Every structure is written in structure tokens, then in C-alpha cells.
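J.: My file is run_2.txt. It has compact mmCIF, C-alpha atoms and all ligand atoms:
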```txt
# COMPACT_ATOMS: atom_id res chain seq x y z
CA MET A 1 -29.39 62.58 -24.01
CA ILE A 2 -31.11 65.71 -25.20
CA PHE A 3 -30.51 69.16 -23.81
CA ALA A 4 -32.50 72.29 -24.58
CA GLU A 5 -32.26 75.89 -23.52
CA ASP A 6 -34.60 76.74 -20.67
CA LEU A 7 -36.02 79.72 -22.57
CA ASN A 8 -38.38 82.23 -21.01
CA LEU A 9 -41.06 81.85 -23.68
CA LYS A 10 -43.51 84.23 -22.01
CA ALA A 11 -40.98 87.04 -22.16
CA MET A 12 -40.01 86.14 -25.74
CA SER A 13 -43.64 86.21 -26.87
CA ARG A 14 -43.90 89.81 -25.62
CA GLY A 15 -40.72 91.02 -27.31
CA MET A 16 -39.56 91.89 -30.80
CA LEU A 17 -39.97 88.31 -32.06
CA CYS A 18 -43.49 88.01 -30.66
CA LYS A 19 -45.32 86.59 -33.68
CA HIS A 20 -42.41 84.36 -34.75
CA THR A 21 -42.09 82.90 -31.26
CA LEU A 22 -45.79 82.09 -31.08
CA ASP A 23 -45.91 80.74 -34.66
CA ALA A 24 -43.01 78.38 -34.02
CA ALA A 25 -44.77 77.02 -30.90
CA PHE A 26 -41.49 76.42 -29.07
CA GLY A 27 -43.28 75.65 -25.83
CA GLN A 28 -45.45 72.99 -27.43
CA PHE A 29 -42.44 71.53 -29.25
CA LEU A 30 -40.43 71.31 -26.02
CA ASN A 31 -43.36 69.69 -24.19
CA ILE A 32 -43.75 67.06 -26.91
CA LEU A 33 -39.98 66.50 -27.00
CA LYS A 34 -39.90 66.09 -23.23
CA PHE A 35 -42.79 63.60 -23.36
CA VAL A 36 -41.20 61.54 -26.16
CA CYS A 37 -37.90 61.47 -24.26
CA TRP A 38 -39.70 60.27 -21.13
CA LYS A 39 -41.56 57.62 -23.12
CA LYS A 40 -38.41 56.38 -24.88
CA ASP A 41 -36.29 56.51 -21.70
CA VAL A 42 -34.01 59.21 -23.11
CA PHE A 43 -32.47 61.72 -20.74
CA PHE A 44 -33.83 65.24 -21.27
CA ALA A 45 -32.90 68.38 -19.39
CA LYS A 46 -33.18 72.12 -19.82
CA VAL A 47 -30.06 74.19 -19.28
CA ASN A 48 -29.32 77.82 -18.47
CA PRO A 49 -29.89 79.76 -21.72
CA ASN A 50 -27.91 82.86 -20.77
CA GLY A 51 -25.22 83.75 -23.28
CA THR A 52 -25.20 80.50 -25.27
CA SER A 53 -24.63 82.44 -28.49
CA GLN A 54 -22.09 84.74 -26.83
CA THR A 55 -19.81 82.04 -25.46
CA CYS A 56 -17.06 80.25 -27.35
CA PRO A 57 -17.51 76.46 -27.01
CA MET A 58 -13.75 75.89 -27.34
CA CYS A 59 -12.31 78.29 -24.79
CA LEU A 60 -15.54 79.37 -22.98
CA GLU A 61 -14.63 83.06 -23.36
CA GLU A 62 -17.38 85.65 -23.83
CA THR A 63 -17.28 86.71 -27.47
CA GLY A 64 -19.90 89.46 -27.18
CA LYS A 65 -23.37 89.93 -28.60
CA LYS A 66 -24.08 88.97 -32.19
CA ASP A 67 -26.76 90.39 -34.46
CA LEU A 68 -29.22 87.80 -35.80
CA SER A 69 -27.74 88.45 -39.25
CA GLN A 70 -24.28 87.42 -38.05
CA ARG A 71 -24.34 83.68 -38.82
CA ILE A 72 -20.70 82.81 -38.12
CA HIS A 73 -19.16 82.35 -34.68
CA TYR A 74 -15.57 83.55 -34.66
CA CYS A 75 -13.63 83.61 -31.41
CA GLN A 76 -11.05 86.38 -31.17
CA PHE A 77 -9.36 84.55 -28.27
CA CYS A 78 -8.78 81.05 -29.66
CA GLY A 79 -9.62 81.50 -33.34
CA TYR A 80 -12.44 78.90 -33.36
CA LYS A 81 -14.74 79.50 -36.32
CA THR A 82 -18.01 77.68 -36.97
CA ASP A 83 -21.69 78.25 -37.66
CA ARG A 84 -23.32 80.41 -34.99
CA ASP A 85 -26.10 77.88 -34.20
CA HIS A 86 -23.60 75.02 -34.10
CA ALA A 87 -21.47 76.93 -31.58
CA ALA A 88 -24.53 77.63 -29.40
CA ALA A 89 -25.54 73.94 -29.59
CA GLU A 90 -22.05 72.94 -28.43
CA VAL A 91 -22.35 75.32 -25.46
CA ILE A 92 -25.79 73.85 -24.60
CA ARG A 93 -24.38 70.31 -24.75
CA GLN A 94 -21.47 71.28 -22.48
CA ARG A 95 -23.83 72.88 -19.97
CA GLY A 96 -26.06 69.79 -20.03
CA ILE A 97 -23.14 67.45 -19.42
CA GLU A 98 -21.92 69.76 -16.64
CA LEU A 99 -25.43 69.68 -15.17
CA ILE A 100 -25.56 65.90 -14.93
CA SER A 101 -21.92 65.27 -14.06
CA THR A 102 -21.61 67.76 -11.19
CA GLN A 103 -22.92 66.28 -7.97
CA GLY A 104 -25.61 68.40 -6.41
CA LEU A 105 -26.03 70.55 -9.50
CA CYS A 106 -28.36 68.25 -11.42
CA GLY A 107 -31.79 69.77 -11.62
CA MET A 108 -33.92 66.68 -11.05
CA GLU A 109 -37.01 68.81 -11.41
CA THR A 110 -36.03 69.64 -14.98
CA ALA A 111 -34.70 66.18 -15.86
CA CYS A 112 -37.66 64.02 -16.73
CA ALA A 113 -36.24 60.91 -18.32
CA VAL A 114 -35.18 57.97 -16.23
CA GLY A 115 -32.59 56.20 -18.37
CA LEU A 116 -29.49 57.90 -17.00
CA PRO A 117 -27.18 55.32 -15.41
CA GLY A 118 -26.66 55.77 -11.69
CA ALA A 119 -29.55 58.15 -11.27
CA ARG A 120 -32.24 55.60 -10.45
CA GLU A 121 -31.54 55.62 -6.70
CA THR A 122 -32.88 59.12 -6.10
CA SER A 123 -36.41 59.54 -4.87
CA SER A 124 -37.53 61.92 -7.61
CA ARG A 125 -36.49 59.43 -10.28
CA SER A 126 -38.10 56.41 -8.62
CA GLU A 127 -41.33 58.39 -8.41
CA ALA A 128 -41.22 58.74 -12.19
CA LYS A 129 -40.98 54.97 -12.66
CA PRO A 130 -43.68 52.50 -13.78
CA ASP A 131 -46.59 53.59 -11.55
CA SER A 132 -46.58 57.17 -12.77
CA ARG A 133 -46.10 55.95 -16.34
CA LYS A 134 -49.32 53.96 -16.18
CA GLY A 135 -51.03 57.04 -14.84
CA GLY A 136 -49.61 59.06 -17.70
CA ARG A 137 -50.91 56.61 -20.29
CA LYS A 138 -54.38 56.57 -18.73
CA THR A 139 -54.50 60.34 -18.83
CA ARG A 140 -53.46 60.32 -22.46
CA ASN A 141 -56.09 57.73 -23.41
CA THR A 142 -58.87 59.72 -21.84
CA GLN A 143 -57.86 62.74 -23.89
CA LEU A 144 -58.16 60.81 -27.17
ZN ZN A 201 -12.58 80.65 -28.18
```
Would you kindly transcribe this structure into C-alpha cells?
T.:
Amino acid sequence: MIFAEDLNLKAMSRGMLCKHTLDAAFGQFLNILKFVCWKKDVFFAKVNPNGTSQTCPMCLEETGKKDLSQRIHYCQFCGYKTDRDHAAAEVIRQRGIELISTQGLCGMETACAVGLPGARETSSRSEAKPDSRKGGRKTRNTQL
């Protein structure tokens, strides 16, 4: 399973980090990652990106905004201390697991892979099975 933040890349490319956002090609990276996950039958989903770096992964309390220079997550409520990016990754993982384990909450439109046990019965997943895969490969071959 792979979870990523559902970032608003258009808005980011207009903001303070404009050039860096475009240089890093996050959108292209996420599209390739999504395709590879689909091809390898790995579950991939985008999760709500709001406050991932401002939430403590241990106690889920809001810890407030951090400057980009502040690299350590320290929770004043439970005392959990770790790398800032690691803490955000833990929050993203928790949100992803919550997304797929809460009935009715799973965003099938954002979940492209088909390997998740118990999820094959839904119509959106069966549509993504072999027939559409062949179509996807044909499209790719014509581009080469
Ligand atoms: Zn905490």
C-alpha cells in the first residue's frame, strides 16, 4: 500500500515555492507512481493533505504550524519527538489506513490499484480489471 498527500499542485506552483514545485515535478512523479502501483497491483490512494505536518501522529493533537527550517516534530501534549517529515509520513499512513478501513469513506475514484483484499466486488474496481489493462497497454505502445 502506498499513500500520498492529495496536494493542490496548481496552487503550489503559483505560491512562494513556485519554481521548486515545478522543478521537482511532483505531479509527474505521482502520476508515474500511480501507474506503477496499478501495474504491480499495489494499492495506491491520495489522502487529505490538510495539517499533516501540524498533527502529532501519536496523540493526533494539533501541534501548530512549523517553519520549513524547523525539522523536528515535538508534541507538547504527549512528548513524542521525531523527524518532522517522518511524523507527517506517519499521519499520511494513518489517514490512508482510515480511508480504506472505514466503510463508505474509501475514495474509489482516488484508489487506482486493484490488489486490496475484499475490494474486488465493487463495480469501480472490476472496471479497472483486465479489459481496461489491455487498453492501457495498447495506449502506451502507441505512444512509444
Ligand atoms: Zn502528541
J.: CA of Gln76 in chain A and CA of Asn50 in chain A are how many Å apart?
T.: 20.1 Å
J.: Out of A:Ala89, A:Ile100, A:Cys56, A:Ala11, which residue has the shortest atom-to-atom distance to His73 in chain A when counting all atoms listed in the file?
T.: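 Of the candidates, the smallest distance to His73 in chain A is held by A:Cys56.
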J.: Counting only C-alpha atoms and all ligand atoms, give me one row per residue of chain A with an atom at most 12 Å from an atom of ligand ZN 201 (chain A), showing the shortest contact pair and its distance in Å to one decimal, sorted by chain then residue number, as JSON lines.
T.:
```
{"residue": "A:Gln54", "atom": "CA", "partner": "A:ZN201", "partner_atom": "ZN", "distance": 10.4}
{"residue": "A:Thr55", "atom": "CA", "partner": "A:ZN201", "partner_atom": "ZN", "distance": 7.8}
{"residue": "A:Cys56", "atom": "CA", "partner": "A:ZN201", "partner_atom": "ZN", "distance": 4.6}
{"residue": "A:Pro57", "atom": "CA", "partner": "A:ZN201", "partner_atom": "ZN", "distance": 6.6}
{"residue": "A:Met58", "atom": "CA", "partner": "A:ZN201", "partner_atom": "ZN", "distance": 5.0}
{"residue": "A:Cys59", "atom": "CA", "partner": "A:ZN201", "partner_atom": "ZN", "distance": 4.1}
{"residue": "A:Leu60", "atom": "CA", "partner": "A:ZN201", "partner_atom": "ZN", "distance": 6.1}
{"residue": "A:Glu61", "atom": "CA", "partner": "A:ZN201", "partner_atom": "ZN", "distance": 5.8}
{"residue": "A:Glu62", "atom": "CA", "partner": "A:ZN201", "partner_atom": "ZN", "distance": 8.2}
{"residue": "A:Thr63", "atom": "CA", "partner": "A:ZN201", "partner_atom": "ZN", "distance": 7.7}
{"residue": "A:Gly64", "atom": "CA", "partner": "A:ZN201", "partner_atom": "ZN", "distance": 11.5}
{"residue": "A:His73", "atom": "CA", "partner": "A:ZN201", "partner_atom": "ZN", "distance": 9.4}
{"residue": "A:Tyr74", "atom": "CA", "partner": "A:ZN201", "partner_atom": "ZN", "distance": 7.7}
{"residue": "A:Cys75", "atom": "CA", "partner": "A:ZN201", "partner_atom": "ZN", "distance": 4.5}
{"residue": "A:Gln76", "atom": "CA", "partner": "A:ZN201", "partner_atom": "ZN", "distance": 6.6}
{"residue": "A:Phe77", "atom": "CA", "partner": "A:ZN201", "partner_atom": "ZN", "distance": 5.1}
{"residue": "A:Cys78", "atom": "CA", "partner": "A:ZN201", "partner_atom": "ZN", "distance": 4.1}
{"residue": "A:Gly79", "atom": "CA", "partner": "A:ZN201", "partner_atom": "ZN", "distance": 6.0}
{"residue": "A:Tyr80", "atom": "CA", "partner": "A:ZN201", "partner_atom": "ZN", "distance": 5.5}
{"residue": "A:Lys81", "atom": "CA", "partner": "A:ZN201", "partner_atom": "ZN", "distance": 8.5}
{"residue": "A:Thr82", "atom": "CA", "partner": "A:ZN201", "partner_atom": "ZN", "distance": 10.8}
{"residue": "A:Ala87", "atom": "CA", "partner": "A:ZN201", "partner_atom": "ZN", "distance": 10.2}
{"residue": "A:Val91", "atom": "CA", "partner": "A:ZN201", "partner_atom": "ZN", "distance": 11.5}
```
J.: Which value, in Å to one decimal, gives the distance between CA of Val36 in chain A and CA of Ile2 in chain A?
T.: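 About the pair CA of Val36 in chain A and CA of Ile2 in chain A: they are 11.0 Å apart.
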J.: Residues within 12 Å of Ser69 in chain A, please, as a ChimeraX atom specification. Count all atoms listed in the file; anything in the same chain fewer than 2 positions from it doesn't count.
T.: /A:65-67,71-73,83-85
J.: Start from the incomplete input, build N, CA and C atoms for range 24-59 of chain A, and deliver everything as a PDB file, in the frame of the given file.
T.:
```
ATOM      1  N   ALA A  24     -43.885  79.561 -34.074  1.00  0.00           N
ATOM      2  CA  ALA A  24     -43.010  78.380 -34.020  1.00  0.00           C
ATOM      3  C   ALA A  24     -43.451  77.413 -32.930  1.00  0.00           C
ATOM      4  N   ALA A  25     -44.264  77.867 -31.983  1.00  0.00           N
ATOM      5  CA  ALA A  25     -44.770  77.020 -30.900  1.00  0.00           C
ATOM      6  C   ALA A  25     -43.654  76.272 -30.179  1.00  0.00           C
ATOM      7  N   PHE A  26     -42.632  77.028 -29.759  1.00  0.00           N
ATOM      8  CA  PHE A  26     -41.490  76.420 -29.070  1.00  0.00           C
ATOM      9  C   PHE A  26     -41.926  75.666 -27.820  1.00  0.00           C
ATOM     10  N   GLY A  27     -42.836  76.273 -27.071  1.00  0.00           N
ATOM     11  CA  GLY A  27     -43.280  75.650 -25.830  1.00  0.00           C
ATOM     12  C   GLY A  27     -43.920  74.295 -26.077  1.00  0.00           C
ATOM     13  N   GLN A  28     -44.779  74.248 -27.092  1.00  0.00           N
ATOM     14  CA  GLN A  28     -45.450  72.990 -27.430  1.00  0.00           C
ATOM     15  C   GLN A  28     -44.422  71.957 -27.926  1.00  0.00           C
ATOM     16  N   PHE A  29     -43.482  72.437 -28.755  1.00  0.00           N
ATOM     17  CA  PHE A  29     -42.440  71.530 -29.250  1.00  0.00           C
ATOM     18  C   PHE A  29     -41.638  70.939 -28.098  1.00  0.00           C
ATOM     19  N   LEU A  30     -41.236  71.790 -27.146  1.00  0.00           N
ATOM     20  CA  LEU A  30     -40.430  71.310 -26.020  1.00  0.00           C
ATOM     21  C   LEU A  30     -41.227  70.343 -25.140  1.00  0.00           C
ATOM     22  N   ASN A  31     -42.529  70.609 -24.972  1.00  0.00           N
ATOM     23  CA  ASN A  31     -43.360  69.690 -24.190  1.00  0.00           C
ATOM     24  C   ASN A  31     -43.470  68.332 -24.854  1.00  0.00           C
ATOM     25  N   ILE A  32     -43.650  68.332 -26.180  1.00  0.00           N
ATOM     26  CA  ILE A  32     -43.750  67.060 -26.910  1.00  0.00           C
ATOM     27  C   ILE A  32     -42.408  66.333 -26.861  1.00  0.00           C
ATOM     28  N   LEU A  33     -41.321  67.095 -27.051  1.00  0.00           N
ATOM     29  CA  LEU A  33     -39.980  66.500 -27.000  1.00  0.00           C
ATOM     30  C   LEU A  33     -39.713  65.868 -25.640  1.00  0.00           C
ATOM     31  N   LYS A  34     -40.090  66.580 -24.595  1.00  0.00           N
ATOM     32  CA  LYS A  34     -39.900  66.090 -23.230  1.00  0.00           C
ATOM     33  C   LYS A  34     -40.708  64.801 -23.011  1.00  0.00           C
ATOM     34  N   PHE A  35     -41.939  64.782 -23.509  1.00  0.00           N
ATOM     35  CA  PHE A  35     -42.790  63.600 -23.360  1.00  0.00           C
ATOM     36  C   PHE A  35     -42.211  62.401 -24.121  1.00  0.00           C
ATOM     37  N   VAL A  36     -41.758  62.643 -25.355  1.00  0.00           N
ATOM     38  CA  VAL A  36     -41.200  61.540 -26.160  1.00  0.00           C
ATOM     39  C   VAL A  36     -39.935  61.003 -25.501  1.00  0.00           C
ATOM     40  N   CYS A  37     -39.107  61.914 -24.964  1.00  0.00           N
ATOM     41  CA  CYS A  37     -37.900  61.470 -24.260  1.00  0.00           C
ATOM     42  C   CYS A  37     -38.269  60.602 -23.062  1.00  0.00           C
ATOM     43  N   TRP A  38     -39.258  61.035 -22.296  1.00  0.00           N
ATOM     44  CA  TRP A  38     -39.700  60.270 -21.130  1.00  0.00           C
ATOM     45  C   TRP A  38     -40.201  58.902 -21.563  1.00  0.00           C
ATOM     46  N   LYS A  39     -40.973  58.867 -22.644  1.00  0.00           N
ATOM     47  CA  LYS A  39     -41.560  57.620 -23.120  1.00  0.00           C
ATOM     48  C   LYS A  39     -40.493  56.654 -23.636  1.00  0.00           C
ATOM     49  N   LYS A  40     -39.477  57.204 -24.289  1.00  0.00           N
ATOM     50  CA  LYS A  40     -38.410  56.380 -24.880  1.00  0.00           C
ATOM     51  C   LYS A  40     -37.233  56.186 -23.931  1.00  0.00           C
ATOM     52  N   ASP A  41     -37.355  56.665 -22.690  1.00  0.00           N
ATOM     53  CA  ASP A  41     -36.290  56.510 -21.700  1.00  0.00           C
ATOM     54  C   ASP A  41     -35.005  57.221 -22.126  1.00  0.00           C
ATOM     55  N   VAL A  42     -35.161  58.388 -22.705  1.00  0.00           N
ATOM     56  CA  VAL A  42     -34.010  59.210 -23.110  1.00  0.00           C
ATOM     57  C   VAL A  42     -33.897  60.365 -22.133  1.00  0.00           C
ATOM     58  N   PHE A  43     -32.670  60.641 -21.706  1.00  0.00           N
ATOM     59  CA  PHE A  43     -32.470  61.720 -20.740  1.00  0.00           C
ATOM     60  C   PHE A  43     -32.720  63.063 -21.408  1.00  0.00           C
ATOM     61  N   PHE A  44     -33.524  63.899 -20.755  1.00  0.00           N
ATOM     62  CA  PHE A  44     -33.830  65.240 -21.270  1.00  0.00           C
ATOM     63  C   PHE A  44     -33.686  66.233 -20.134  1.00  0.00           C
ATOM     64  N   ALA A  45     -33.016  67.341 -20.410  1.00  0.00           N
ATOM     65  CA  ALA A  45     -32.900  68.380 -19.390  1.00  0.00           C
ATOM     66  C   ALA A  45     -32.792  69.743 -20.050  1.00  0.00           C
ATOM     67  N   LYS A  46     -33.308  70.749 -19.354  1.00  0.00           N
ATOM     68  CA  LYS A  46     -33.180  72.120 -19.820  1.00  0.00           C
ATOM     69  C   LYS A  46     -32.003  72.760 -19.106  1.00  0.00           C
ATOM     70  N   VAL A  47     -31.245  73.561 -19.864  1.00  0.00           N
ATOM     71  CA  VAL A  47     -30.060  74.190 -19.280  1.00  0.00           C
ATOM     72  C   VAL A  47     -30.195  75.710 -19.312  1.00  0.00           C
ATOM     73  N   ASN A  48     -29.344  76.350 -18.533  1.00  0.00           N
ATOM     74  CA  ASN A  48     -29.320  77.820 -18.470  1.00  0.00           C
ATOM     75  C   ASN A  48     -29.091  78.392 -19.876  1.00  0.00           C
ATOM     76  N   PRO A  49     -30.014  79.247 -20.356  1.00  0.00           N
ATOM     77  CA  PRO A  49     -29.890  79.760 -21.720  1.00  0.00           C
ATOM     78  C   PRO A  49     -29.050  81.026 -21.838  1.00  0.00           C
ATOM     79  N   ASN A  50     -28.592  81.558 -20.718  1.00  0.00           N
ATOM     80  CA  ASN A  50     -27.910  82.860 -20.770  1.00  0.00           C
ATOM     81  C   ASN A  50     -26.582  82.792 -21.506  1.00  0.00           C
ATOM     82  N   GLY A  51     -26.490  83.577 -22.569  1.00  0.00           N
ATOM     83  CA  GLY A  51     -25.220  83.750 -23.280  1.00  0.00           C
ATOM     84  C   GLY A  51     -24.751  82.565 -24.097  1.00  0.00           C
ATOM     85  N   THR A  52     -25.649  81.663 -24.487  1.00  0.00           N
ATOM     86  CA  THR A  52     -25.200  80.500 -25.270  1.00  0.00           C
ATOM     87  C   THR A  52     -24.628  80.908 -26.623  1.00  0.00           C
ATOM     88  N   SER A  53     -25.157  82.003 -27.193  1.00  0.00           N
ATOM     89  CA  SER A  53     -24.630  82.440 -28.490  1.00  0.00           C
ATOM     90  C   SER A  53     -23.484  83.447 -28.324  1.00  0.00           C
ATOM     91  N   GLN A  54     -23.166  83.773 -27.073  1.00  0.00           N
ATOM     92  CA  GLN A  54     -22.090  84.740 -26.830  1.00  0.00           C
ATOM     93  C   GLN A  54     -20.876  84.086 -26.182  1.00  0.00           C
ATOM     94  N   THR A  55     -20.906  82.760 -26.095  1.00  0.00           N
ATOM     95  CA  THR A  55     -19.810  82.040 -25.460  1.00  0.00           C
ATOM     96  C   THR A  55     -19.124  81.146 -26.476  1.00  0.00           C
ATOM     97  N   CYS A  56     -17.807  81.119 -26.432  1.00  0.00           N
ATOM     98  CA  CYS A  56     -17.060  80.250 -27.350  1.00  0.00           C
ATOM     99  C   CYS A  56     -17.048  78.829 -26.767  1.00  0.00           C
ATOM    100  N   PRO A  57     -17.487  77.826 -27.544  1.00  0.00           N
ATOM    101  CA  PRO A  57     -17.510  76.460 -27.010  1.00  0.00           C
ATOM    102  C   PRO A  57     -16.114  75.858 -26.823  1.00  0.00           C
ATOM    103  N   MET A  58     -15.113  76.418 -27.478  1.00  0.00           N
ATOM    104  CA  MET A  58     -13.750  75.890 -27.340  1.00  0.00           C
ATOM    105  C   MET A  58     -13.048  76.397 -26.092  1.00  0.00           C
ATOM    106  N   CYS A  59     -13.075  77.719 -25.906  1.00  0.00           N
ATOM    107  CA  CYS A  59     -12.310  78.290 -24.790  1.00  0.00           C
ATOM    108  C   CYS A  59     -13.213  78.878 -23.703  1.00  0.00           C
TER     109      CYS A  59
END
```
